[in-house]
Amino acid sequence: MTTETKYEPQRMQPLVAMRALKELIADPEKTEEVFEIIKAMSGNALFDAFQRFRKTETGRRILGEKHELLETLKNRDALREMEPGSLGRAYLNFVETEQLTADGLVEASERDEEILDPDLRLFAQRMRDQHDLWHVLTGYGRDTFGEACLLSFTYAQTGNRGLGLIAFIGTIKIARELGSGVYKASWRAFRAGKRAAWLPQQYWEHLLAKPLEEVRQELGITPPETYREILDDYRLANA
């Protein structure tokens, strides 16, 4: 029997988002404004996703075990022992190549600490911690273009309007440099997110040991061909 989660409905704050957006446009280095925009425009997206999550068999199991995904992702020795070609080894290679730490997003996200309900907070933390796994799974890189495409994909998965707004703004900005094909890549990323299985409910602790391509097939993840073509053309032109 599940207990009712205590949660205060969140209103979207478009005026707060607009002020943060103006600050971000004036000074792109103010990355904290990105989180301000997301927070202002997210509304009830997190809670709605949590309600969906807790109704799944996997979600109920994760909430029952109270296991934090972050602890698994931080255990690099265990990841290194996984088979070559596995999702876990691909993730390890990604974070080491990019010089990332699994808890790197923790410092940037303060909202999780404001969530009083332990189950909702656990879900919010899992959503935060699987971001780089989604990079590996989808094939979108950590370049600005790749991040924008992944945000489009994530918006399709979560319905979080804050993420959608940031993806839209990023796409417009990147298109000025890389051309109109960026819009096509962003739209295809969104469509890919719609077609794929719902990633927030996945038991990543088990999927890490599986072959990456098998996981992609299982979850319906398609190669980001348009993104790769545009990025390759740009790099070739500027070589």
# chains A, B, ... in the order shown; residues from 1 in each chain; ligands from 1
$ residues_around --residues "Val182 (chain A)" --least-positions-apart "4" --cutoff "9 Å" --atoms "only C-alpha atoms" --output "ChimeraX atom specification"
/A:145,149,171-172,174-175,178,186-187,226-227,230
$ write_last_selection --atoms "C-alpha atoms" --output "PDB file, in the first residue's frame"
ATOM      1  CA  PHE A 145      24.833  21.519 -29.839  1.00  0.00           C
ATOM      2  CA  CYS A 149      19.567  18.234 -28.624  1.00  0.00           C
ATOM      3  CA  THR A 171      18.674  25.846 -30.705  1.00  0.00           C
ATOM      4  CA  ILE A 172      18.095  29.379 -31.977  1.00  0.00           C
ATOM      5  CA  ILE A 174      23.360  27.486 -32.193  1.00  0.00           C
ATOM      6  CA  ALA A 175      21.561  27.743 -35.555  1.00  0.00           C
ATOM      7  CA  LEU A 178      25.849  26.039 -37.563  1.00  0.00           C
ATOM      8  CA  SER A 186      16.517  19.469 -32.499  1.00  0.00           C
ATOM      9  CA  TRP A 187      13.145  18.367 -33.849  1.00  0.00           C
ATOM     10  CA  THR A 226      21.335  14.614 -38.259  1.00  0.00           C
ATOM     11  CA  TYR A 227      23.238  15.888 -35.225  1.00  0.00           C
ATOM     12  CA  ILE A 230      25.972  18.727 -38.977  1.00  0.00           C
TER      13      ILE A 230
END
$ closest_atom_pairs --of "region 48-166 of chain A" --to "region 191-210 of chain A" --cutoff "6 Å" --atoms "only C-alpha atoms" --output "CSV"
residue,atom,partner,partner_atom,distance
A:Phe53,CA,A:Gln201,CA,5.8
A:Gly59,CA,A:Gln201,CA,5.9
A:Ser86,CA,A:Lys210,CA,5.2
A:Leu87,CA,A:Leu208,CA,4.8
A:Gly88,CA,A:Leu208,CA,4.3
A:Phe153,CA,A:Gly193,CA,4.5
A:Ala156,CA,A:Gly193,CA,5.1
A:Gln157,CA,A:Gly193,CA,5.5
$ residues_around --residues "region 128-135 of chain A" --least-positions-apart "5" --cutoff "7 Å" --atoms "only C-alpha atoms" --output "PyMOL selection string"
chain A and resi 69-70+91+105+140-141
$ select_by_dssp --residues "region 11-228 of chain A" --states "alpha helix (DSSP H)" --output "VMD selection string"
chain A and resid 14 to 26 32 to 41 45 to 54 57 to 65 69 to 74 76 to 80 87 to 97 104 to 108 118 to 129 131 to 138 144 to 158 161 to 178 181 to 195 204 to 207 212 to 219 225 to 228
$ write_last_selection --atoms "C-alpha atoms" --output "compact mmCIF listing (two decimals), in the first residue's frame"
# COMPACT_ATOMS: atom_id res chain seq x y z
CA PRO A 14 7.08 33.32 -16.56
CA LEU A 15 8.13 36.77 -15.30
CA VAL A 16 10.93 35.23 -13.23
CA ALA A 17 11.97 33.19 -16.25
CA MET A 18 12.00 36.27 -18.49
CA ARG A 19 14.20 38.19 -16.06
CA ALA A 20 16.61 35.27 -15.85
CA LEU A 21 16.59 34.96 -19.63
CA LYS A 22 17.51 38.62 -20.05
CA GLU A 23 20.39 38.13 -17.60
CA LEU A 24 21.55 35.05 -19.51
CA ILE A 25 21.43 36.84 -22.86
CA ALA A 26 23.37 39.78 -21.42
CA GLU A 32 22.98 29.84 -12.76
CA GLU A 33 20.30 31.66 -14.75
CA VAL A 34 19.70 28.45 -16.71
CA PHE A 35 18.63 26.68 -13.52
CA GLU A 36 16.53 29.71 -12.56
CA ILE A 37 14.66 29.48 -15.86
CA ILE A 38 14.13 25.74 -15.50
CA LYS A 39 12.89 26.15 -11.93
CA ALA A 40 10.53 28.98 -12.89
CA MET A 41 8.97 27.13 -15.83
CA ALA A 45 6.45 18.37 -14.25
CA LEU A 46 8.61 16.65 -11.63
CA PHE A 47 5.67 15.61 -9.49
CA ASP A 48 3.67 14.40 -12.49
CA ALA A 49 6.63 12.29 -13.61
CA PHE A 50 7.00 10.93 -10.09
CA GLN A 51 3.36 9.91 -9.98
CA ARG A 52 3.87 8.00 -13.21
CA PHE A 53 7.11 6.48 -11.90
CA ARG A 54 5.63 5.20 -8.65
CA GLU A 57 6.74 -2.09 -11.12
CA THR A 58 10.33 -0.86 -11.44
CA GLY A 59 9.49 2.43 -9.75
CA ARG A 60 7.92 0.70 -6.76
CA ARG A 61 10.96 -1.55 -6.47
CA ILE A 62 13.41 1.36 -6.56
CA LEU A 63 11.42 3.30 -3.99
CA GLY A 64 11.28 0.21 -1.78
CA GLU A 65 15.02 -0.38 -1.95
CA LEU A 69 21.81 5.75 -8.41
CA LEU A 70 24.61 8.18 -7.63
CA GLU A 71 26.38 5.61 -5.45
CA THR A 72 26.46 3.14 -8.35
CA LEU A 73 27.74 5.72 -10.82
CA LYS A 74 30.48 6.86 -8.44
CA ARG A 76 34.35 3.47 -10.98
CA ASP A 77 36.12 0.28 -9.95
CA ALA A 78 32.88 -1.67 -10.42
CA LEU A 79 32.20 0.06 -13.73
CA ARG A 80 35.71 -0.76 -14.93
CA LEU A 87 26.67 0.62 -21.02
CA GLY A 88 28.66 0.83 -17.79
CA ARG A 89 32.03 0.82 -19.57
CA ALA A 90 30.78 3.33 -22.16
CA TYR A 91 29.58 5.58 -19.33
CA LEU A 92 32.93 5.27 -17.55
CA ASN A 93 34.79 6.17 -20.74
CA PHE A 94 32.49 9.14 -21.26
CA VAL A 95 32.96 10.66 -17.82
CA GLU A 96 36.71 10.05 -17.81
CA THR A 97 37.16 11.51 -21.29
CA GLY A 104 29.03 17.00 -10.62
CA LEU A 105 25.38 17.93 -11.13
CA VAL A 106 24.66 17.75 -7.41
CA GLU A 107 26.38 21.06 -6.76
CA ALA A 108 24.46 22.75 -9.57
CA PRO A 118 11.83 11.24 0.75
CA ASP A 119 10.40 9.24 -2.17
CA LEU A 120 9.93 12.31 -4.34
CA ARG A 121 13.43 13.51 -3.43
CA LEU A 122 14.89 10.10 -4.36
CA PHE A 123 13.16 10.27 -7.74
CA ALA A 124 14.35 13.84 -8.33
CA GLN A 125 17.91 12.80 -7.55
CA ARG A 126 17.70 9.83 -9.94
CA MET A 127 16.47 12.17 -12.67
CA ARG A 128 19.43 14.46 -12.01
CA ASP A 129 22.01 11.68 -11.82
CA HIS A 131 21.67 12.89 -17.25
CA ASP A 132 25.12 11.72 -18.38
CA LEU A 133 23.79 8.20 -18.90
CA TRP A 134 21.33 9.71 -21.36
CA HIS A 135 24.26 11.37 -23.17
CA VAL A 136 25.89 7.96 -23.63
CA LEU A 137 22.67 6.21 -24.56
CA THR A 138 21.47 8.76 -27.14
CA THR A 144 26.68 22.96 -26.84
CA PHE A 145 24.83 21.52 -29.84
CA GLY A 146 24.68 18.08 -28.25
CA GLU A 147 23.42 19.48 -24.96
CA ALA A 148 20.64 21.38 -26.76
CA CYS A 149 19.57 18.23 -28.62
CA LEU A 150 19.59 16.19 -25.43
CA LEU A 151 17.42 18.84 -23.78
CA SER A 152 14.93 18.50 -26.65
CA PHE A 153 14.98 14.73 -26.13
CA THR A 154 14.55 15.19 -22.37
CA TYR A 155 11.67 17.63 -22.85
CA ALA A 156 9.86 14.99 -24.91
CA GLN A 157 10.45 12.45 -22.15
CA THR A 158 9.47 14.61 -19.18
CA ARG A 161 8.60 23.22 -20.00
CA GLY A 162 11.64 24.74 -18.34
CA LEU A 163 13.87 22.28 -20.20
CA GLY A 164 11.87 22.86 -23.38
CA LEU A 165 12.42 26.61 -23.15
CA ILE A 166 16.17 26.24 -22.64
CA ALA A 167 16.33 23.78 -25.56
CA PHE A 168 14.46 26.23 -27.78
CA ILE A 169 16.67 29.17 -26.84
CA GLY A 170 19.81 27.08 -27.30
CA THR A 171 18.67 25.85 -30.71
CA ILE A 172 18.09 29.38 -31.98
CA LYS A 173 21.51 30.50 -30.76
CA ILE A 174 23.36 27.49 -32.19
CA ALA A 175 21.56 27.74 -35.55
CA ARG A 176 23.15 31.17 -36.06
CA GLU A 177 26.54 29.47 -36.06
CA LEU A 178 25.85 26.04 -37.56
CA GLY A 181 19.93 22.21 -40.04
CA VAL A 182 20.16 22.63 -36.26
CA TYR A 183 16.38 23.05 -36.14
CA LYS A 184 15.95 19.72 -37.92
CA ALA A 185 18.36 18.03 -35.51
CA SER A 186 16.52 19.47 -32.50
CA TRP A 187 13.14 18.37 -33.85
CA ARG A 188 14.45 14.88 -34.53
CA ALA A 189 15.83 14.72 -30.99
CA PHE A 190 12.39 15.63 -29.68
CA ARG A 191 10.74 12.98 -31.86
CA ALA A 192 13.32 10.41 -30.73
CA GLY A 193 12.43 11.20 -27.12
CA LYS A 194 8.76 10.65 -27.89
CA ARG A 195 9.38 7.29 -29.57
CA TRP A 204 19.92 1.65 -14.56
CA GLU A 205 21.77 -0.35 -11.93
CA HIS A 206 20.96 -3.49 -13.95
CA LEU A 207 21.19 -1.99 -17.43
CA LEU A 212 25.21 -0.69 -24.95
CA GLU A 213 23.70 -1.54 -28.33
CA GLU A 214 21.39 -4.07 -26.71
CA VAL A 215 20.16 -1.44 -24.27
CA ARG A 216 19.60 1.04 -27.09
CA GLN A 217 17.56 -1.52 -29.01
CA GLU A 218 15.61 -2.50 -25.90
CA LEU A 219 14.70 1.13 -25.15
CA GLU A 225 22.29 11.00 -37.51
CA THR A 226 21.33 14.61 -38.26
CA TYR A 227 23.24 15.89 -35.23
CA ARG A 228 26.35 13.93 -36.23
$ atom_distance --atom1 "CA of Asp143 (chain A)" --atom2 "CA of Ile221 (chain A)"
19.8 Å
$ atom_distance --atom1 "CA of Gly159 (chain A)" --atom2 "CA of Glu98 (chain A)"
28.0 Å
